[in-house]
Structure formats: C-alpha cells, structure tokens
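Reproduced below: target_25.csv, with CSV, C-alpha atoms and all ligand atoms.
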```csv
chain,number,residue,atom,x,y,z
A,1,MET,CA,40.4,155.8,-1.7
A,2,THR,CA,38.1,153.3,-3.3
A,3,ASP,CA,34.6,154.4,-4.1
A,4,TYR,CA,32.2,151.5,-4.3
A,5,GLY,CA,29.2,153.6,-5.3
A,6,VAL,CA,27.6,153.5,-1.9
A,7,ARG,CA,26.8,157.0,-1.0
A,8,HIS,CA,24.5,156.1,1.9
A,9,VAL,CA,24.9,153.0,4.0
A,10,ALA,CA,22.4,152.1,6.8
A,11,ILE,CA,23.3,149.6,9.4
A,12,ILE,CA,21.2,147.5,11.8
A,13,MET,CA,23.8,146.9,14.5
A,14,ASP,CA,22.5,143.7,16.0
A,15,GLY,CA,24.1,141.0,18.2
A,16,ASN,CA,25.5,143.0,21.1
A,17,GLY,CA,23.6,140.9,23.6
A,18,ARG,CA,24.6,137.6,22.2
A,19,TRP,CA,28.2,138.7,22.0
A,20,ALA,CA,28.2,139.5,25.7
A,21,LYS,CA,26.3,136.3,26.6
A,22,ARG,CA,28.8,134.1,24.9
A,23,ARG,CA,31.4,135.5,27.3
A,24,GLY,CA,29.2,135.3,30.3
A,25,TRP,CA,29.1,139.1,30.5
A,26,PRO,CA,26.1,141.4,31.1
A,27,ARG,CA,24.4,142.6,28.0
A,28,LEU,CA,25.6,146.2,28.5
A,29,ALA,CA,29.2,145.0,28.1
A,30,GLY,CA,28.2,144.0,24.6
A,31,HIS,CA,26.6,147.4,23.9
A,32,ARG,CA,29.8,149.1,25.1
A,33,LYS,CA,32.0,147.0,22.8
A,34,GLY,CA,29.5,147.7,20.0
A,35,ALA,CA,29.7,151.4,20.5
A,36,GLU,CA,33.5,151.2,20.2
A,37,GLN,CA,33.1,149.5,16.9
A,38,ILE,CA,31.0,152.4,15.6
A,39,LYS,CA,34.0,154.7,16.0
A,40,LYS,CA,36.3,152.6,13.8
A,41,ILE,CA,33.7,152.3,11.1
A,42,VAL,CA,32.8,156.0,11.1
A,43,ARG,CA,36.5,157.0,10.9
A,44,GLU,CA,37.1,154.9,7.8
A,45,ALA,CA,33.7,155.3,6.0
A,46,PRO,CA,34.6,158.5,4.1
A,47,ASP,CA,37.7,156.8,2.6
A,48,LEU,CA,35.3,154.1,1.2
A,49,GLY,CA,33.3,156.7,-0.6
A,50,ILE,CA,30.5,156.8,2.0
A,51,ARG,CA,29.0,160.2,2.6
A,52,TYR,CA,26.0,159.3,4.7
A,53,MET,CA,25.6,156.6,7.3
A,54,THR,CA,22.5,155.8,9.4
A,55,ILE,CA,22.9,153.5,12.3
A,56,TYR,CA,20.1,151.9,14.3
A,57,ALA,CA,20.9,152.4,18.0
A,58,PHE,CA,17.5,152.0,19.7
A,59,SER,CA,14.1,151.1,18.2
A,60,THR,CA,10.7,152.2,19.3
A,61,GLU,CA,10.3,148.5,20.4
A,62,ASN,CA,13.4,148.4,22.5
A,63,TRP,CA,11.6,149.9,25.5
A,64,LYS,CA,10.3,146.4,26.1
A,65,ARG,CA,13.7,145.4,27.4
A,66,SER,CA,14.6,145.4,31.1
A,67,LEU,CA,14.8,148.7,32.9
A,68,ILE,CA,18.5,148.1,33.6
A,69,GLU,CA,19.3,147.6,29.9
A,70,VAL,CA,17.2,150.6,28.7
A,71,LEU,CA,18.6,153.0,31.3
A,72,GLY,CA,22.1,151.6,30.7
A,73,LEU,CA,21.8,152.3,27.0
A,74,MET,CA,20.4,155.8,27.5
A,75,LYS,CA,23.3,156.6,29.8
A,76,MET,CA,25.8,155.2,27.3
A,77,PHE,CA,24.3,157.3,24.5
A,78,ARG,CA,24.8,160.5,26.4
A,79,PHE,CA,28.3,159.4,27.6
A,80,MET,CA,29.4,158.5,24.1
A,81,ILE,CA,28.1,161.6,22.4
A,82,ARG,CA,29.9,163.8,25.0
A,83,ARG,CA,33.1,161.8,24.9
A,84,GLU,CA,33.3,161.8,21.1
A,85,ALA,CA,32.0,165.3,20.4
A,86,ASP,CA,35.5,166.9,19.9
A,87,ALA,CA,36.7,164.1,17.7
A,88,LEU,CA,33.5,164.1,15.6
A,89,ALA,CA,33.7,167.8,15.2
A,90,THR,CA,37.3,167.8,14.0
A,91,GLU,CA,36.8,164.8,11.8
A,92,GLY,CA,34.2,166.7,9.8
A,93,VAL,CA,31.3,164.6,10.9
A,94,ASN,CA,27.8,166.1,10.8
A,95,LEU,CA,26.0,164.2,13.6
A,96,ARG,CA,22.3,164.1,13.6
A,97,PHE,CA,19.6,162.0,15.2
A,98,ILE,CA,16.4,160.4,13.8
A,99,GLY,CA,13.5,159.1,15.9
A,100,ASP,CA,11.1,160.6,18.3
A,101,ARG,CA,13.1,162.4,21.0
A,102,SER,CA,10.1,163.6,23.0
A,103,ARG,CA,10.3,160.4,25.1
A,104,LEU,CA,14.0,160.7,25.8
A,105,ASP,CA,15.5,162.1,29.0
A,106,PRO,CA,15.9,165.9,28.8
A,107,ALA,CA,19.6,165.7,29.6
A,108,LEU,CA,20.2,163.3,26.7
A,109,ARG,CA,18.1,165.5,24.4
A,110,GLU,CA,20.2,168.5,25.4
A,111,THR,CA,23.4,166.7,24.5
A,112,MET,CA,21.9,165.6,21.2
A,113,ASP,CA,20.8,169.1,20.3
A,114,ALA,CA,24.2,170.6,21.2
A,115,ILE,CA,26.2,168.2,19.1
A,116,GLU,CA,23.8,168.6,16.2
A,117,ALA,CA,24.2,172.4,16.4
A,118,ARG,CA,27.9,172.1,16.8
A,119,THR,CA,28.5,169.8,13.7
A,120,LYS,CA,25.8,171.0,11.4
A,121,THR,CA,28.1,172.7,8.9
A,122,ASN,CA,30.4,169.6,8.6
A,123,THR,CA,30.3,167.8,5.3
A,124,ARG,CA,32.8,165.0,5.3
A,125,LEU,CA,30.3,162.5,6.6
A,126,THR,CA,26.7,162.8,7.8
A,127,LEU,CA,26.1,160.3,10.5
A,128,ALA,CA,22.5,159.8,11.5
A,129,VAL,CA,21.9,157.9,14.8
A,130,ALA,CA,18.5,156.3,15.2
A,131,ILE,CA,17.3,156.6,18.8
A,132,ASN,CA,13.8,155.7,19.7
A,133,TYR,CA,13.3,155.3,16.0
A,134,GLY,CA,10.7,153.2,14.2
A,135,GLY,CA,9.9,153.4,10.5
A,136,ARG,CA,6.1,153.2,11.2
A,137,ASP,CA,6.4,155.8,14.0
A,138,GLU,CA,8.2,158.2,11.7
A,139,LEU,CA,5.6,157.8,9.0
A,140,ARG,CA,2.8,158.3,11.5
A,141,ARG,CA,4.4,161.5,12.7
A,142,ALA,CA,4.9,162.7,9.1
A,143,ALA,CA,1.2,161.9,8.4
A,144,ALA,CA,0.1,163.9,11.4
A,145,GLN,CA,2.3,166.8,10.3
A,146,LEU,CA,0.8,166.6,6.8
A,147,ALA,CA,-2.7,166.6,8.2
A,148,LEU,CA,-1.9,169.7,10.3
A,149,ASP,CA,-0.3,171.5,7.4
A,150,CYS,CA,-3.4,170.7,5.3
A,151,ALA,CA,-5.7,171.9,8.0
A,152,GLU,CA,-3.8,175.1,8.4
A,153,GLY,CA,-3.6,175.7,4.7
A,154,ARG,CA,0.2,175.2,4.1
A,155,ILE,CA,-0.4,172.4,1.6
A,156,ALA,CA,-3.4,171.1,-0.4
A,157,ALA,CA,-4.3,167.4,-0.2
A,158,GLU,CA,-3.8,167.1,-4.0
A,159,ASP,CA,-0.3,168.4,-3.7
A,160,ILE,CA,0.9,165.7,-1.3
A,161,ASP,CA,3.5,163.8,-3.3
A,162,ASP,CA,6.5,161.7,-2.4
A,163,GLU,CA,8.6,164.8,-1.9
A,164,ALA,CA,6.1,166.4,0.5
A,165,LEU,CA,6.0,163.3,2.6
A,166,ALA,CA,9.8,162.8,2.6
A,167,ALA,CA,10.2,166.4,3.6
A,168,ARG,CA,8.4,165.6,6.9
A,169,LEU,CA,10.5,162.5,7.7
A,170,ASP,CA,13.4,162.7,10.2
A,171,THR,CA,15.8,162.0,7.4
A,172,VAL,CA,14.9,165.2,5.5
A,173,GLY,CA,17.8,166.3,3.3
A,174,MET,CA,19.5,162.9,3.2
A,175,PRO,CA,19.5,160.7,0.1
A,176,ASP,CA,17.9,157.2,0.4
A,177,PRO,CA,20.2,154.5,1.6
A,178,ASP,CA,21.8,152.5,-1.2
A,179,LEU,CA,22.6,149.6,1.0
A,180,VAL,CA,21.3,148.3,4.3
A,181,ILE,CA,23.5,145.9,6.3
A,182,ARG,CA,22.2,143.8,9.3
A,183,THR,CA,24.6,141.9,11.5
A,184,SER,CA,24.0,138.9,13.7
A,185,GLY,CA,22.3,136.6,11.2
A,186,GLU,CA,18.8,137.9,11.6
A,187,THR,CA,17.2,138.5,8.2
A,188,ARG,CA,14.5,141.0,9.1
A,189,ILE,CA,14.2,144.8,9.0
A,190,SER,CA,12.8,145.4,12.5
A,191,ASN,CA,11.0,148.7,11.6
A,192,PHE,CA,14.1,150.4,10.1
A,193,LEU,CA,13.8,153.1,7.4
A,194,SER,CA,10.5,151.7,5.9
A,195,TRP,CA,10.1,154.5,3.4
A,196,GLN,CA,13.7,155.4,2.7
A,197,ALA,CA,15.0,151.8,2.0
A,198,ALA,CA,12.2,150.9,-0.4
A,199,TYR,CA,14.8,150.3,-3.2
A,200,ALA,CA,17.9,149.7,-1.1
A,201,GLU,CA,20.1,146.6,-1.5
A,202,TYR,CA,20.3,144.4,1.6
A,203,GLU,CA,23.2,142.4,3.0
A,204,PHE,CA,22.9,140.1,6.0
A,205,THR,CA,26.0,138.8,7.8
A,206,GLU,CA,26.3,136.3,10.6
A,207,THR,CA,28.9,138.5,12.4
A,208,LEU,CA,27.8,139.9,15.7
A,209,TRP,CA,28.0,143.7,15.7
A,210,PRO,CA,30.9,143.9,18.2
A,211,ASP,CA,33.0,141.7,15.9
A,212,PHE,CA,32.1,143.7,12.7
A,213,THR,CA,35.2,145.2,11.1
A,214,VAL,CA,36.2,147.7,8.5
A,215,GLU,CA,37.5,144.8,6.4
A,216,GLU,CA,34.1,143.1,6.4
A,217,LEU,CA,32.4,146.4,5.5
A,218,THR,CA,34.8,146.7,2.6
A,219,ASP,CA,34.0,143.2,1.4
A,220,ILE,CA,30.3,143.9,1.5
A,221,LEU,CA,30.8,147.2,-0.4
A,222,ALA,CA,32.8,145.4,-3.1
A,223,ARG,CA,29.9,142.8,-3.4
A,224,PHE,CA,27.4,145.6,-3.7
A,225,SER,CA,29.3,147.3,-6.5
A,226,GLY,CA,28.8,144.2,-8.6
A,227,ARG,CA,25.0,144.3,-8.2
A,228,GLU,CA,22.7,145.6,-10.8
A,229,ARG,CA,20.0,148.0,-9.5
A,230,ARG,CA,17.0,148.3,-11.8
A,231,PHE,CA,14.5,150.4,-9.8
A,232,GLY,CA,11.6,148.6,-11.6
A,233,GLY,CA,13.1,149.1,-15.1
A,234,VAL,CA,14.5,146.4,-17.4
A,235,GLN,CA,18.0,145.2,-17.9
A,236,PRO,CA,19.6,147.5,-20.5
A,301,LIG,C1,21.5,145.4,19.1
A,301,LIG,O1,22.0,144.3,19.8
A,301,LIG,C2,21.6,146.7,19.9
A,301,LIG,C3,20.3,147.2,20.4
A,301,LIG,C4,19.1,146.7,20.0
A,301,LIG,C5,20.3,148.3,21.3
A,301,LIG,P1,21.0,143.5,20.7
A,301,LIG,O2,20.9,144.0,22.1
A,301,LIG,O3,19.7,143.4,20.0
A,301,LIG,O4,21.7,142.1,20.7
A,301,LIG,P2,21.0,140.6,20.6
A,301,LIG,O5,20.2,140.6,19.4
A,301,LIG,O6,20.2,140.5,21.9
A,301,LIG,O7,22.2,139.7,20.5
A,302,LIG,C1,16.9,146.1,15.9
A,302,LIG,O1,17.4,145.1,16.7
A,302,LIG,C2,17.1,147.4,16.6
A,302,LIG,C3,18.5,147.8,16.7
A,302,LIG,C4,19.6,147.3,16.2
A,302,LIG,C5,18.7,149.1,17.5
A,302,LIG,P1,16.5,144.2,17.7
A,302,LIG,O2,17.4,143.2,18.3
A,302,LIG,O3,15.8,145.1,18.6
A,302,LIG,O4,15.5,143.6,16.7
A,302,LIG,P2,14.6,142.2,16.8
A,302,LIG,O5,13.9,142.3,18.1
A,302,LIG,O6,15.6,141.1,16.7
A,302,LIG,O7,13.7,142.3,15.6
A,303,MG,MG,18.9,142.0,18.7
```
Please, can you express the file's structure as structure tokens?
Amino acid sequence: MTDYGVRHVAIIMDGNGRWAKRRGWPRLAGHRKGAEQIKKIVREAPDLGIRYMTIYAFSTENWKRSLIEVLGLMKMFRFMIRREADALATEGVNLRFIGDRSRLDPALRETMDAIEARTKTNTRLTLAVAINYGGRDELRRAAAQLALDCAEGRIAAEDIDDEALAARLDTVGMPDPDLVIRTSGETRISNFLSWQAAYAEYEFTETLWPDFTVEELTDILARFSGRERRFGGVQP
C-alpha cells in the first residue's frame, strides 16, 4: 500500500453525457458506465491511503435536465445502492449521503437510510455520495438550523464559530477534503463543497468520468504528494 497523504478525496464525476454522445448512445448509458467506474475506484481507494471519499452524483441544479434523465438517474441510484449493498457492507465501507433528501422519492430515501444504518459502524472507507447536493444549499440549511438553535436557546449568537457551523453541515464528522478532482475538462466547481474545500488542492483532467481509471487516480495522488500546502502561512 502506498499512502500519498490524501485522507479525503472529493470527485466531481463529470462527462458521462459526452461519453455516451460520442458513441451515439443515450445519456443514461453514460451514467450507467460511470456508476460502474465508481465501484472500481472505491474498491482500490483504501489501498491508496484514502479513508474518505465524497462523490458528486447529482447537484441541486441537475433538476434542470430532462425528466427522462432525472428519473433515469434517480432509478439508477436506488438500483445501484441495493445491488451493491452487500459488497459495500463486507468491504468495510461506511456509505452516507449528503444533500437535501427531502425532495427525493420516498423509496429512494428509504434505501439510502437503510444502507446508512447498515454500514454506519464500518471504518475502512467512508464514502459520501452527494445527491441533490449544492454547497450553497447546504450552507443555507446550516444557517437556518443555527437561527433555530439560537431562537430556542441551544446556542448564543456570539458562540457561533467555524465548528458550530461545520457541525450543522451534511459532512459533519468528516475531515475537509485534501484534494478535489474534476473530470471532463471543465475547470469549475459547480457548487461542490463550498465550505469544506476552502483549502483543498484541485486537479482537473480531460478524461471523461466513464474512462477514469485507478491508474489515473494514482498518478493524480502522486502529483498531489509533491505539492506544498501552506494554509496561509509562509514557506518554512
Ligand atoms: C456528470 O456527467 C454526471 C451528472 C451530472 C449526473 P454529465 O451528465 O454532466 O456529463 P456531461 O457533462 O453532459 O458530459
Ligand atoms: C456537476 O456537473 C454535478 C455533478 C457531477 C453531479 P454538471 O455537469 O452538472 O456541472 P456544470 O453544469 O457543467 O457546471
Ligand atoms: Mg456535466
């Protein structure tokens, strides 16, 4: 096992649609191939020193897509979670979800709750899947929770520090990501982990997500380990 010093990697899995389009296939075929890639990466991640992984599966903006694509994705999420539940449980993966689930179909929510409960004591890898997730939406919900906690006397306004806010984010209990990877050549963040990735390193690759391999991940991690992170300080 090689440890590259990346405890938490976050991935914006982009390019499924273009991957399918190049083959003349429907976009959902790209999403299906993309979902298969996740399995390979998740299986190898612990051996690369990764303990936490957050993957962007559906953003708060992705509802703008066609009904066929949105419903197809939601159906696929439920199918994949159910199909992979046993493997994830035995591989020691703690699966959790971030994002606002109140807008999701009750059947999907039930599946999500069940796998979270089933794998919550697993420690080999924590995998957070972002579904109906937006960094701004998450901060808005945390702010609303803080306001409520203030109004009901659980916290005083002057005691609101970084920790108090982070404790109300969906990622509570997870360390901040060290590295954010985006595939498909787009060099934007698209509302991903606004608070948590404030000091992350970023890597952008032209590879479309369905073509992304463990080998490329390893190359990226090796490059990361050569970077100097200063967190606002000066070079020693
Ligand atoms: C990312 O791939 C997956 C989701 C947003 C669900 P895209 O579907 O955005 O693929 P492109 O960007 O259109 O190629
Ligand atoms: C970001 O990809 C969201 C996910 C990967 C789930 P998008 O394809 O939705 O982002 P934009 O529209 O290119 O910014
Ligand atoms: Mg995209």
**Prompt:** Which one is closest to Asn94 (chain A): A:Leu67, A:Ala197, A:Ile81, A:Ile115? Count all atoms listed in the file.
**Reply:**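 The shortest atom-to-atom distance to Asn94 (chain A) comes from A:Ile115.
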Sorted per-residue table, chain A near ligand LIG 301 (chain A), closest atoms and distance, 6 Å, all atoms listed in the file, as a tab-separated table:
```
residue	atom	partner	partner_atom	distance
A:Met13	CA	A:LIG301	C1	5.4
A:Asp14	CA	A:LIG301	C1	3.7
A:Gly15	CA	A:LIG301	O7	3.3
A:Asn16	CA	A:LIG301	O4	3.9
A:Gly17	CA	A:LIG301	O7	3.6
A:Arg18	CA	A:LIG301	O7	3.6
A:Ala57	CA	A:LIG301	C5	5.3
A:Phe58	CA	A:LIG301	C5	4.9
```
**Request:** Please check which protein, DNA or RNA residues sit within 10 Å of ligand LIG 302 (chain A), counting only C-alpha atoms and all ligand atoms, and write them as number ranges by chain.
**Result:** A: 11-18, 55-65, 129-134, 182-192, 209
**Complete:** re CA of His8 (chain A) and CA of Met53 (chain A): distance 5.5 Å
**Message:** Considering all atoms listed in the file, can you say which of A:Leu73, A:Leu193, A:Leu139, A:Ile38 comes closest to Phe212 (chain A)?
**Reply:**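 So, comparing all the options, the nearest one is A:Ile38.
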**Fill in**
CA of Ile50 (chain A) to CA of Val9 (chain A) measures 7.1 Å
**Request:** Work out how far CA of Ala29 (chain A) is from CA of Pro210 (chain A), in Å to one decimal.
**Result:** 10.1 Å
Any chance you could tabulate, as CSV, the residues of region 22-61 of chain A at most 10 Å from region 157-175 of chain A with each one's nearest atom pair and distance in Å to one decimal, using only C-alpha atoms, in chain and rising number order?
```
residue,atom,partner,partner_atom,distance
A:Arg51,CA,A:Pro175,CA,9.8
A:Tyr52,CA,A:Met174,CA,7.6
A:Met53,CA,A:Met174,CA,9.7
A:Thr54,CA,A:Thr171,CA,9.3
```
Take the residues just selected and output them with C-alpha atoms as a PDB file, in the coordinates of the input.
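So the final result, stored in part.pdb, reads:
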```
ATOM      1  CA  ARG A  51      29.000 160.200   2.600  1.00  0.00           C
ATOM      2  CA  TYR A  52      26.000 159.300   4.700  1.00  0.00           C
ATOM      3  CA  MET A  53      25.600 156.600   7.300  1.00  0.00           C
ATOM      4  CA  THR A  54      22.500 155.800   9.400  1.00  0.00           C
TER       5      THR A  54
END
```
**Message:** I'd like to know which of A:Gly232, A:Gly72, A:Gly135, A:Gly226 is closest to Ile98 (chain A), using only C-alpha atoms.
**Reply:** A:Gly135
**Message:** Nearest residue to ligand MG 303 (chain A) out of A:Arg22, A:Leu208, A:Asp149, A:Arg78, using all atoms listed in the file?
**Reply:**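 Between A:Arg22, A:Leu208, A:Asp149, A:Arg78, the residue approaching ligand MG 303 (chain A) most closely is A:Leu208.
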**Message:** Please determine, counting only C-alpha atoms, which residue among A:Arg124, A:Arg141, A:Arg230, A:His31 has the shortest atom-to-atom distance to Arg7 (chain A).
**Reply:** A:Arg124
**Message:** So, with all atoms listed in the file as the atoms that count, which of A:Ser102, A:Asp137, A:Arg27, A:Gly49 lies closest to ligand MG 303 (chain A)?
**Reply:**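 Closest candidate: A:Arg27.
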